[in-house]
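Chemist: Got a file for you: model-v7.txt, compact mmCIF, C-alpha atoms.
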# COMPACT_ATOMS: atom_id res chain seq x y z
CA MET A 35 18.23 47.93 -14.79
CA PRO A 36 17.55 44.20 -15.05
CA GLN A 37 14.00 43.22 -14.20
CA TYR A 38 13.69 40.28 -11.86
CA THR A 39 10.51 38.31 -11.31
CA THR A 40 9.82 35.83 -8.56
CA TYR A 41 10.55 32.33 -9.76
CA GLN A 42 7.26 30.52 -10.09
CA PRO A 43 7.81 26.88 -10.95
CA LYS A 44 5.05 25.08 -12.79
CA PRO A 45 5.36 21.51 -11.58
CA TYR A 46 4.21 18.76 -13.87
CA ARG A 47 1.25 16.96 -12.31
CA PRO A 48 1.09 13.45 -13.73
CA ARG A 49 -2.34 11.88 -14.15
CA MET A 50 -2.83 8.25 -13.35
CA SER A 51 -3.72 6.00 -16.25
CA ALA A 52 -7.18 4.43 -16.23
CA TYR A 53 -5.37 1.13 -16.81
CA TRP A 54 -2.94 1.50 -13.87
CA TYR A 55 -3.75 -2.02 -12.66
CA LEU A 56 -2.07 -3.43 -15.77
CA ASP A 57 1.27 -1.82 -14.87
CA GLN A 58 2.36 -4.54 -12.45
CA TRP A 59 1.33 -8.11 -11.65
CA ASN A 60 0.73 -7.14 -7.98
CA TYR A 61 -1.74 -4.43 -9.02
CA LEU A 62 -3.50 -6.83 -11.40
CA ARG A 63 -3.74 -9.44 -8.63
CA TYR A 64 -5.26 -6.81 -6.34
CA ALA A 65 -7.76 -5.75 -9.04
CA MET A 66 -8.73 -9.41 -9.56
CA ARG A 67 -9.18 -9.88 -5.80
CA GLU A 68 -11.45 -6.84 -5.58
CA SER A 69 -13.47 -7.74 -8.68
CA SER A 70 -13.97 -11.28 -7.36
CA SER A 71 -16.69 -9.76 -5.12
CA PHE A 72 -18.95 -9.54 -8.21
CA PHE A 73 -18.71 -13.32 -8.58
CA VAL A 74 -19.53 -13.78 -4.88
CA ALA A 75 -22.70 -11.75 -5.50
CA TYR A 76 -23.36 -13.78 -8.69
CA PHE A 77 -23.20 -17.10 -6.80
CA ALA A 78 -25.40 -15.70 -4.03
CA ALA A 79 -27.99 -14.73 -6.67
CA ILE A 80 -27.76 -18.20 -8.30
CA THR A 81 -28.33 -19.84 -4.91
CA LEU A 82 -31.39 -17.64 -4.28
CA LEU A 83 -32.75 -18.51 -7.74
CA GLN A 84 -32.17 -22.20 -6.99
CA ILE A 85 -34.10 -21.97 -3.69
CA ALA A 86 -36.92 -20.07 -5.45
CA ALA A 87 -37.05 -22.79 -8.15
CA LEU A 88 -37.20 -25.49 -5.47
CA ASP A 89 -40.06 -23.62 -3.81
CA ARG A 90 -42.03 -23.47 -7.08
CA GLY A 91 -41.97 -27.24 -7.59
CA PRO A 92 -40.35 -30.02 -9.69
CA THR A 93 -41.09 -28.44 -13.10
CA ALA A 94 -39.53 -25.12 -12.15
CA TYR A 95 -36.50 -26.87 -10.64
CA ALA A 96 -36.04 -29.02 -13.79
CA HIS A 97 -36.13 -25.81 -15.83
CA PHE A 98 -33.51 -24.27 -13.51
CA GLN A 99 -31.27 -27.33 -13.91
CA GLN A 100 -31.66 -27.15 -17.70
CA LEU A 101 -30.59 -23.51 -17.59
CA MET A 102 -27.53 -24.43 -15.52
CA ARG A 103 -26.48 -27.02 -18.16
CA CYS A 104 -26.38 -24.35 -20.89
CA PRO A 105 -22.73 -24.04 -22.17
CA VAL A 106 -22.63 -20.28 -21.60
CA VAL A 107 -23.74 -20.69 -17.98
CA LEU A 108 -21.28 -23.56 -17.48
CA VAL A 109 -18.39 -21.38 -18.68
CA LEU A 110 -19.62 -18.48 -16.53
CA ASN A 111 -19.89 -20.74 -13.48
CA ALA A 112 -16.39 -22.15 -14.04
CA LEU A 113 -15.05 -18.57 -14.25
CA ALA A 114 -17.03 -17.61 -11.14
CA LEU A 115 -15.67 -20.63 -9.27
CA ALA A 116 -12.08 -19.62 -10.12
CA PHE A 117 -12.73 -16.09 -8.83
CA ILE A 118 -14.50 -17.38 -5.70
CA LEU A 119 -11.44 -19.53 -4.91
CA LEU A 120 -9.19 -16.50 -5.43
CA HIS A 121 -11.50 -14.42 -3.22
CA ALA A 122 -11.48 -16.95 -0.38
CA VAL A 123 -7.74 -17.66 -0.45
CA THR A 124 -6.63 -14.03 -0.70
CA TRP A 125 -8.96 -12.82 2.07
CA PHE A 126 -8.12 -15.71 4.38
CA LEU A 127 -4.45 -14.88 3.90
CA LEU A 128 -5.21 -11.26 4.87
CA VAL A 129 -6.89 -12.24 8.15
CA PRO A 130 -3.62 -12.13 10.17
CA ARG A 131 -3.31 -8.44 9.33
CA VAL A 132 -6.31 -7.57 11.51
CA ALA A 133 -7.13 -10.49 13.77
CA LEU A 134 -5.38 -12.15 16.68
CA ARG A 135 -2.40 -9.86 16.80
CA GLN A 136 -1.49 -11.03 20.26
CA MET A 137 -2.09 -14.16 22.26
CA LEU A 138 -0.85 -14.59 25.82
CA GLY A 139 1.11 -11.36 25.48
CA ARG A 140 3.10 -12.52 22.48
CA PRO A 141 2.67 -11.72 18.77
CA THR A 142 0.59 -14.41 17.12
CA PRO A 143 2.17 -16.26 14.19
CA ASN A 144 0.26 -15.53 10.96
CA VAL A 145 -0.43 -19.22 10.48
CA ILE A 146 -2.59 -19.35 13.66
CA ALA A 147 -4.92 -16.70 12.27
CA SER A 148 -5.11 -18.12 8.72
CA VAL A 149 -5.16 -21.89 9.11
CA PRO A 150 -8.42 -22.21 11.12
CA ASN A 151 -10.28 -20.43 8.29
CA PHE A 152 -8.90 -22.84 5.72
CA MET A 153 -9.77 -25.79 7.99
CA VAL A 154 -13.39 -24.66 8.46
CA TRP A 155 -13.67 -24.02 4.72
CA PHE A 156 -12.31 -27.49 3.92
CA GLY A 157 -14.63 -29.14 6.52
CA ALA A 158 -17.70 -27.34 5.14
CA THR A 159 -16.72 -28.38 1.58
CA VAL A 160 -16.42 -32.04 2.63
CA ILE A 161 -19.85 -31.98 4.34
CA VAL A 162 -21.50 -30.39 1.28
CA ALA A 163 -19.75 -32.91 -1.01
CA LEU A 164 -21.04 -35.81 1.15
CA PHE A 165 -24.58 -34.43 0.85
CA ILE A 166 -24.31 -34.08 -2.93
CA LEU A 167 -22.88 -37.59 -3.28
CA ARG A 168 -25.72 -38.84 -1.00
CA VAL A 169 -23.29 -40.39 1.48
CA ILE A 170 -25.09 -38.65 4.35
CA MET B 7 29.08 -8.78 -20.39
CA ALA B 8 29.11 -5.19 -21.67
CA ASP B 9 31.00 -2.69 -19.57
CA THR B 10 28.39 0.02 -20.05
CA ILE B 11 24.65 0.27 -19.55
CA ILE B 12 21.99 2.65 -20.88
CA LEU B 13 20.11 4.78 -18.35
CA GLU B 14 16.87 6.30 -19.64
CA VAL B 15 16.30 9.26 -17.34
CA GLN B 16 13.11 11.30 -17.19
CA ARG B 17 13.73 14.98 -17.93
CA PHE B 18 11.39 17.88 -17.29
CA HIS B 19 12.20 21.56 -17.28
CA PRO B 20 9.35 23.59 -15.76
CA GLU B 21 10.10 26.70 -17.80
CA SER B 22 10.27 25.12 -21.22
CA ASP B 23 8.49 21.75 -21.14
CA THR B 24 4.80 20.99 -20.89
CA GLU B 25 5.39 17.33 -20.17
CA PRO B 26 8.37 15.09 -19.38
CA SER B 27 10.44 13.11 -21.85
CA TYR B 28 13.20 10.51 -21.52
CA GLN B 29 16.87 11.06 -22.30
CA SER B 30 19.32 8.15 -22.69
CA PHE B 31 22.80 8.17 -21.16
CA GLU B 32 25.47 5.50 -21.51
CA VAL B 33 27.21 4.96 -18.15
CA PRO B 34 29.88 2.51 -16.93
CA LEU B 35 28.49 -0.75 -15.56
CA ARG B 36 30.44 -1.49 -12.39
CA ASP B 37 29.88 -4.23 -9.82
CA ASP B 38 29.85 -1.85 -6.86
CA TRP B 39 27.80 0.97 -8.40
CA MET B 40 24.35 1.80 -7.22
CA VAL B 41 21.84 3.56 -9.50
CA LEU B 42 22.63 6.75 -7.55
CA ASP B 43 26.30 6.42 -8.54
CA ALA B 44 25.26 6.25 -12.18
CA LEU B 45 23.12 9.38 -11.77
CA ASN B 46 26.03 11.18 -10.11
CA HIS B 47 28.25 10.08 -13.02
CA ILE B 48 25.76 11.66 -15.44
CA LYS B 49 25.64 14.85 -13.38
CA ASP B 50 29.44 15.08 -13.05
CA GLN B 51 30.56 13.88 -16.49
CA LEU B 52 27.73 14.02 -19.03
CA ASP B 53 25.04 16.57 -18.19
CA GLY B 54 25.35 18.90 -15.22
CA SER B 55 21.78 20.14 -15.62
CA LEU B 56 20.26 16.88 -14.39
CA ALA B 57 18.35 17.50 -11.13
CA PHE B 58 17.80 14.86 -8.45
CA ARG B 59 17.85 14.62 -4.64
CA TRP B 60 20.31 12.63 -2.59
CA SER B 61 22.22 12.98 0.64
CA CYS B 62 23.44 10.17 2.89
CA ARG B 63 24.10 7.37 0.31
CA MET B 64 23.31 4.71 2.93
CA GLY B 65 19.54 4.34 3.08
CA ILE B 66 18.96 6.57 6.08
CA CYS B 67 17.94 10.01 4.83
CA GLY B 68 15.29 8.71 2.40
CA SER B 69 15.82 11.51 -0.11
CA CYS B 70 16.94 9.52 -3.19
CA GLY B 71 13.70 7.59 -3.78
CA MET B 72 12.87 7.23 -7.49
CA MET B 73 11.00 4.92 -9.84
CA ILE B 74 13.44 2.37 -11.26
CA ASN B 75 11.87 0.40 -14.09
CA GLY B 76 8.48 1.36 -12.66
CA VAL B 77 9.20 0.27 -9.07
CA PRO B 78 9.81 2.80 -6.26
CA LYS B 79 13.27 2.26 -4.74
CA LEU B 80 16.03 4.11 -2.93
CA THR B 81 18.64 4.62 -5.65
CA CYS B 82 21.46 4.48 -3.09
CA GLU B 83 20.48 0.90 -2.19
CA THR B 84 19.78 -0.42 -5.68
CA LEU B 85 22.64 -2.10 -7.52
CA LEU B 86 23.01 -1.04 -11.14
CA MET B 87 24.23 -4.56 -11.98
CA GLU B 88 20.76 -5.97 -11.15
CA TYR B 89 19.46 -4.33 -14.32
CA ALA B 90 22.19 -5.52 -16.70
CA PRO B 91 22.21 -5.56 -19.68
CA GLY B 92 19.69 -2.70 -19.45
CA PRO B 93 18.32 -0.30 -20.35
CA VAL B 94 17.27 1.04 -16.94
CA ARG B 95 14.43 3.55 -16.80
CA VAL B 96 14.69 6.08 -13.95
CA GLY B 97 11.86 8.47 -13.18
CA PRO B 98 10.58 10.64 -10.33
CA LEU B 99 8.35 9.05 -7.68
CA ASN B 100 4.84 8.35 -8.91
CA HIS B 101 1.86 10.37 -7.69
CA PHE B 102 3.92 13.47 -6.81
CA PRO B 103 4.10 16.74 -8.78
CA VAL B 104 7.45 16.94 -10.60
CA ILE B 105 9.43 20.14 -9.97
CA LYS B 106 12.34 19.33 -12.29
CA ASP B 107 13.71 16.09 -13.81
CA LEU B 108 13.68 13.63 -10.88
CA VAL B 109 12.82 16.09 -8.12
CA VAL B 110 9.29 15.93 -6.74
CA GLU B 111 7.26 18.33 -4.59
CA MET B 112 6.84 17.00 -1.04
CA ASP B 113 4.69 19.84 0.40
CA ASP B 114 1.47 17.83 0.36
CA PHE B 115 3.09 14.90 2.17
CA MET B 116 4.64 17.19 4.79
CA ALA B 117 1.25 18.81 5.47
CA LYS B 118 -0.39 15.40 5.88
CA LEU B 119 2.41 14.23 8.14
CA GLN B 120 2.03 17.24 10.43
CA LYS B 121 -1.75 16.76 10.52
CA VAL B 122 -1.48 13.37 12.27
CA ARG B 123 0.69 14.83 15.07
CA PRO B 124 3.64 12.40 14.85
CA TRP B 125 5.14 13.30 18.20
CA ILE B 126 4.42 12.43 21.84
CA VAL B 127 1.28 14.23 22.98
CA ARG B 128 0.65 14.64 26.72
CA LYS B 129 -2.66 15.79 28.19
CA ASP B 130 -1.49 16.08 31.78
CA ASP B 131 1.02 18.47 33.31
CA PHE B 132 3.86 16.06 32.69
CA LYS B 133 7.18 17.30 34.04
CA PRO B 134 9.39 14.26 34.51
CA GLU B 135 12.31 14.62 36.88
CA ARG B 136 14.06 11.65 35.34
CA GLU B 137 13.77 9.62 32.16
CA TYR B 138 10.45 7.94 31.43
CA ILE B 139 10.89 4.21 32.04
CA GLN B 140 9.67 2.03 29.20
CA SER B 141 10.01 -1.75 29.19
CA PRO B 142 11.45 -3.60 26.15
CA ALA B 143 7.99 -5.16 25.63
CA GLN B 144 6.37 -1.69 25.54
CA MET B 145 8.96 -0.50 23.05
CA GLU B 146 8.56 -3.61 20.92
CA THR B 147 4.90 -2.75 20.21
CA TYR B 148 5.79 0.35 18.17
CA HIS B 149 9.44 -0.24 17.25
CA GLN B 150 8.97 -1.43 13.64
CA PHE B 151 6.74 1.59 12.84
CA SER B 152 9.37 3.96 14.25
CA LEU B 153 11.85 2.90 11.55
CA CYS B 154 10.06 4.99 8.89
CA ILE B 155 12.44 7.46 7.19
CA ASN B 156 9.73 9.39 5.29
CA CYS B 157 11.17 8.39 1.92
CA THR B 158 7.59 8.30 0.51
CA LEU B 159 8.23 5.17 -1.58
CA CYS B 160 5.00 3.84 -0.06
CA TYR B 161 3.05 6.77 -1.54
CA ALA B 162 4.55 6.09 -4.97
CA ALA B 163 3.55 2.41 -4.73
CA CYS B 164 0.03 3.05 -3.45
CA PRO B 165 -2.56 3.38 -6.23
CA VAL B 166 -5.03 4.90 -3.76
CA SER B 167 -2.59 7.80 -3.19
CA GLY B 168 -2.51 8.34 -6.95
CA LEU B 169 -6.28 8.16 -7.37
CA ASP B 170 -7.25 10.22 -4.31
CA SER B 171 -4.94 13.11 -3.50
CA ASN B 172 -6.77 13.64 -0.18
CA PHE B 173 -5.72 10.22 1.13
CA ILE B 174 -3.50 10.79 4.17
CA GLY B 175 -1.34 7.92 2.99
CA PRO B 176 0.65 4.96 4.35
CA ALA B 177 3.65 6.62 6.02
CA ALA B 178 1.65 9.29 7.87
CA ILE B 179 -0.83 6.72 9.19
CA ALA B 180 1.96 4.31 10.17
CA LEU B 181 3.65 7.11 12.13
CA ALA B 182 0.36 8.08 13.80
CA HIS B 183 -0.02 4.44 14.78
CA ARG B 184 3.56 4.38 16.07
CA TYR B 185 2.77 7.19 18.55
CA ASN B 186 -0.59 5.67 19.52
CA LEU B 187 1.24 2.49 20.54
CA ASP B 188 3.83 4.41 22.58
CA SER B 189 3.19 4.02 26.32
CA ARG B 190 4.23 7.67 26.93
CA ASP B 191 1.68 9.11 24.51
CA GLN B 192 -1.84 10.37 25.27
CA GLY B 193 -2.83 11.69 21.84
CA ILE B 194 -4.72 8.71 20.43
CA GLU B 195 -8.11 10.46 20.45
CA ASP B 196 -6.78 13.57 18.70
CA ARG B 197 -5.20 11.45 15.97
CA LEU B 198 -8.23 9.22 15.63
CA ASP B 199 -10.40 12.22 14.77
CA ILE B 200 -8.11 12.92 11.81
CA VAL B 201 -7.05 9.44 10.72
CA SER B 202 -10.46 7.73 11.05
CA GLN B 203 -12.02 10.02 8.46
CA HIS B 204 -12.80 8.66 5.00
CA GLU B 205 -9.58 10.03 3.50
CA GLY B 206 -7.66 8.35 6.32
CA ILE B 207 -7.69 4.66 7.12
CA TRP B 208 -11.01 3.93 5.37
CA ASP B 209 -9.62 4.98 2.00
CA CYS B 210 -7.13 2.10 2.14
CA THR B 211 -8.28 -0.96 0.20
CA VAL B 212 -5.38 -3.22 1.32
CA VAL B 213 -3.36 -3.24 -1.89
CA GLY B 214 -0.34 -3.98 0.33
CA GLU B 215 2.32 -2.55 -2.00
CA CYS B 216 3.31 0.10 0.57
CA SER B 217 4.68 -2.66 2.78
CA THR B 218 6.34 -4.47 -0.13
CA VAL B 219 8.40 -1.47 -1.26
CA CYS B 220 9.38 -0.11 2.17
CA PRO B 221 13.21 -0.11 2.32
CA LYS B 222 13.21 -0.21 6.15
CA GLY B 223 10.85 -3.16 6.61
CA VAL B 224 8.03 -1.04 8.05
CA ASP B 225 4.58 -2.49 7.41
CA PRO B 226 2.27 0.52 6.86
CA SER B 227 -0.49 -1.72 5.55
CA LEU B 228 -0.51 -3.60 8.87
CA ALA B 229 -0.60 -0.27 10.77
CA ILE B 230 -3.61 0.87 8.75
CA GLN B 231 -5.52 -2.39 9.30
CA GLN B 232 -4.75 -2.30 13.04
CA TYR B 233 -5.86 1.32 13.10
CA LYS B 234 -9.17 0.30 11.48
CA LEU B 235 -9.68 -2.19 14.31
CA THR B 236 -8.91 0.48 16.94
CA ALA B 237 -11.26 2.98 15.26
CA THR B 238 -14.05 0.40 15.11
CA LYS B 239 -13.60 -0.49 18.79
CA GLU B 240 -13.61 3.21 19.75
CA TRP B 241 -16.77 3.77 17.68
CA PHE B 242 -18.54 0.89 19.43
CA LYS B 243 -17.41 2.21 22.81
CA SER B 244 -18.72 5.71 22.06
CA PHE B 245 -21.96 4.19 20.73
CA LEU B 246 -22.56 1.97 23.76
CA LEU B 247 -21.16 4.37 26.36
CA PRO B 248 -21.78 7.86 24.91
CA ARG B 249 -20.98 9.52 28.24
CA GLY B 250 -18.23 7.10 29.18
CA LYS B 251 -15.41 9.48 28.38
CA ASN B 252 -16.67 12.25 30.67
Rewrite the structure from the file as structure tokens, please.
Modeler:
Amino acid sequence: MPQYTTYQPKPYRPRMSAYWYLDQWNYLRYAMRESSSFFVAYFAAITLLQIAALDRGPTAYAHFQQLMRCPVVLVLNALALAFILLHAVTWFLLVPRVALRQMLGRPTPNVIASVPNFMVWFGATVIVALFILRVI
Amino acid sequence: MADTIILEVQRFHPESDTEPSYQSFEVPLRDDWMVLDALNHIKDQLDGSLAFRWSCRMGICGSCGMMINGVPKLTCETLLMEYAPGPVRVGPLNHFPVIKDLVVEMDDFMAKLQKVRPWIVRKDDFKPEREYIQSPAQMETYHQFSLCINCTLCYAACPVSGLDSNFIGPAAIALAHRYNLDSRDQGIEDRLDIVSQHEGIWDCTVVGECSTVCPKGVDPSLAIQQYKLTATKEWFKSFLLPRGKN
């Protein structure tokens, strides 16, 4: 008498690589967008340190400026600026996915949700630049 | 151009293998062949033991989804010629348990799909004597989400699905959203209880690849973000008007 057993398949359960974000450019771009938040926090901390240095007086502020001129900090700030730009652009482009889906009963074109953010950003940049250049 | 192309196909036999391996097959390279045609050529002419799913051959049934050179695609809609001169690597959909060769286990997806109640839910004693009238504008709100064919390419493209097996996933949430938007439906609160949990919409980190790979032009990522907005509004409403529903 042949002996039969119930077929019990053992499916292969693949495990995701720890480096999955290197598999495709789109995943890497996503990982860069998410990690850009660290640089947002870094710039926020730098700004707080700058305000604290201003509060402590001219000597402390001169020391802060000297620290900012250090080559390592310059490179770090340039890298942070690149990531901040990536952060702003990618998130502004994602705004249409959640905001202003309908206006006057019709679907809103993506451009109407995105462009005002870019315009406000550009305007704020111009005002800050005018302050730095002492035009205002 | 060569008249053949190499297909590297993932093989896995559950009774003898502990992990998958790749086997190369040389197949004819024809202008009008899809990747599915090449797989059928292998099955018919070269190795009858190769296991894979397919049915309609016209992008409707959603059963022939596989990873082609690392990208989830319907093999019946993917021209072999696009990958010339090759080789082309064909594997089972990512993030699913592999039963055999290119066949994956869909049980988990089916359970998640059923959980979000993707059908019209009525709370009243609704016994229509004629068809329910729905305007074109009302239909337009959910139409694109109703095109989902449950091919699960979006799950294979979503890294969150791979990292967190509890994540309800793009297609199930998009279908829940489709019924929420339907003017005939009254099940939004039931679905919200399930979908607004952490392993629902809040697990999504807007990678966006689910929408990129969808063969029917559905935008699950958009559905999830809209759902987040709805859930937030409902939370505020319940916070400000805790007895408002009664």
Chemist: Find the distance between CA of Gln144 in chain B and CA of Ser189 in chain B and write it in Å to one decimal.
Modeler: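 Rounded to one decimal, the two atoms are 6.6 Å apart.
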Chemist: What is the distance between CA of Tyr95 in chain A and CA of Leu167 in chain A, in Å to one decimal?
Modeler: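 Separation between CA of Tyr95 in chain A and CA of Leu167 in chain A: 18.8 Å.
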Chemist: Based on all atoms listed in the file, which of the residues in chain B come within 7 Å of chain A? I want them as number ranges by chain.
Modeler: B: 20, 25, 101, 103-105, 168-169, 213, 228, 231-232, 235
Chemist: What is the CA of Gly76 in chain B-CA of Pro26 in chain B distance in Å, reported with one decimal?
Modeler: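 Interatomic distance, CA of Gly76 in chain B to CA of Pro26 in chain B: 15.3 Å.
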Chemist: Which is closer to Ile118 in chain A than all the others in A:Gln84, A:Asn151, A:Ser70, A:Thr39, using all atoms listed in the file?
Modeler: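 The shortest atom-to-atom distance to Ile118 in chain A comes from A:Ser70.
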Chemist: Considering only C-alpha atoms, can you say which of B:Phe173, B:Met72, B:Arg190, B:Thr10 comes closest to Ile139 in chain B?
Modeler: B:Arg190
Chemist: For Asp170 in chain B, which residue out of B:Val110, B:Cys210, B:Ile12, B:Leu198 is the nearest one, using only C-alpha atoms?
Modeler: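 Closest to Asp170 in chain B, using only C-alpha atoms: B:Cys210.
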Chemist: Have a look at B:Gly71, B:Cys82, B:Thr24, B:Ala178 and name the one nearest to Ala44 in chain B; count only C-alpha atoms.
Modeler: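 Nearest candidate to Ala44 in chain B out of B:Gly71, B:Cys82, B:Thr24, B:Ala178: B:Cys82.
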Chemist: For the point (15.5, 12.9, -18.5) in file coordinates, what residues are within 6 Å, counting only C-alpha atoms? Give the answer as a ChimeraX atom specification?
Modeler: /B:15-17,28-29,107
Chemist: Set the distance at 8 Å and use all atoms listed in the file: which residues neighbour Leu181 in chain B once local chain neighbours fewer than 3 positions away are removed? I'd like the list as a ChimeraX atom specification.
Modeler: /B:124,151-152,154,177-178,184-185
Chemist: Contacts of range 45-54 of chain B at 10 Å or less, counting all atoms listed in the file, minus same-chain residues fewer than 6 places along, as a PDB file with C-alpha atoms, in the coordinates of the input?
Modeler:
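Output file result.pdb is given in full below:
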ATOM      1  CA  LEU B  13      20.110   4.780 -18.350  1.00  0.00           C
ATOM      2  CA  VAL B  15      16.300   9.260 -17.340  1.00  0.00           C
ATOM      3  CA  PHE B  31      22.800   8.170 -21.160  1.00  0.00           C
ATOM      4  CA  GLU B  32      25.470   5.500 -21.510  1.00  0.00           C
ATOM      5  CA  VAL B  33      27.210   4.960 -18.150  1.00  0.00           C
ATOM      6  CA  PRO B  34      29.880   2.510 -16.930  1.00  0.00           C
ATOM      7  CA  TRP B  60      20.310  12.630  -2.590  1.00  0.00           C
ATOM      8  CA  THR B  81      18.640   4.620  -5.650  1.00  0.00           C
ATOM      9  CA  VAL B  96      14.690   6.080 -13.950  1.00  0.00           C
TER      10      VAL B  96
END
Chemist: Would you pick out the contacts of Lys222 in chain B at 10 Å or less, using only C-alpha atoms, so that residues sharing its chain but fewer than 5 positions from it are not included, and give the list as a ChimeraX atom specification?
Modeler: /B:65-66,68,150-155,157,217
Chemist: Could the residues in this selection be saved with C-alpha atoms as a short mmCIF file (atom, residue, chain, number, x, y, z; two decimals), keeping the file's coordinate frame?
Modeler:
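Writing the result to selection_39.cif gives the following:
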data_model
loop_
_atom_site.label_atom_id
_atom_site.label_comp_id
_atom_site.auth_asym_id
_atom_site.auth_seq_id
_atom_site.Cartn_x
_atom_site.Cartn_y
_atom_site.Cartn_z
CA GLY B 65 19.54 4.34 3.08
CA ILE B 66 18.96 6.57 6.08
CA GLY B 68 15.29 8.71 2.40
CA GLN B 150 8.97 -1.43 13.64
CA PHE B 151 6.74 1.59 12.84
CA SER B 152 9.37 3.96 14.25
CA LEU B 153 11.85 2.90 11.55
CA CYS B 154 10.06 4.99 8.89
CA ILE B 155 12.44 7.46 7.19
CA CYS B 157 11.17 8.39 1.92
CA SER B 217 4.68 -2.66 2.78
#
Chemist: Given 6 Å on each side, where is the centre and what are the edge lengths in Å to one decimal of the axis-aligned box enclosing the listed atoms of range 229-244 of chain B, as AutoDock Vina command-line options?
Modeler:
--center_x -9.7 --center_y 1.7 --center_z 15.8 --size_x 30.1 --size_y 20.1 --size_z 26.1
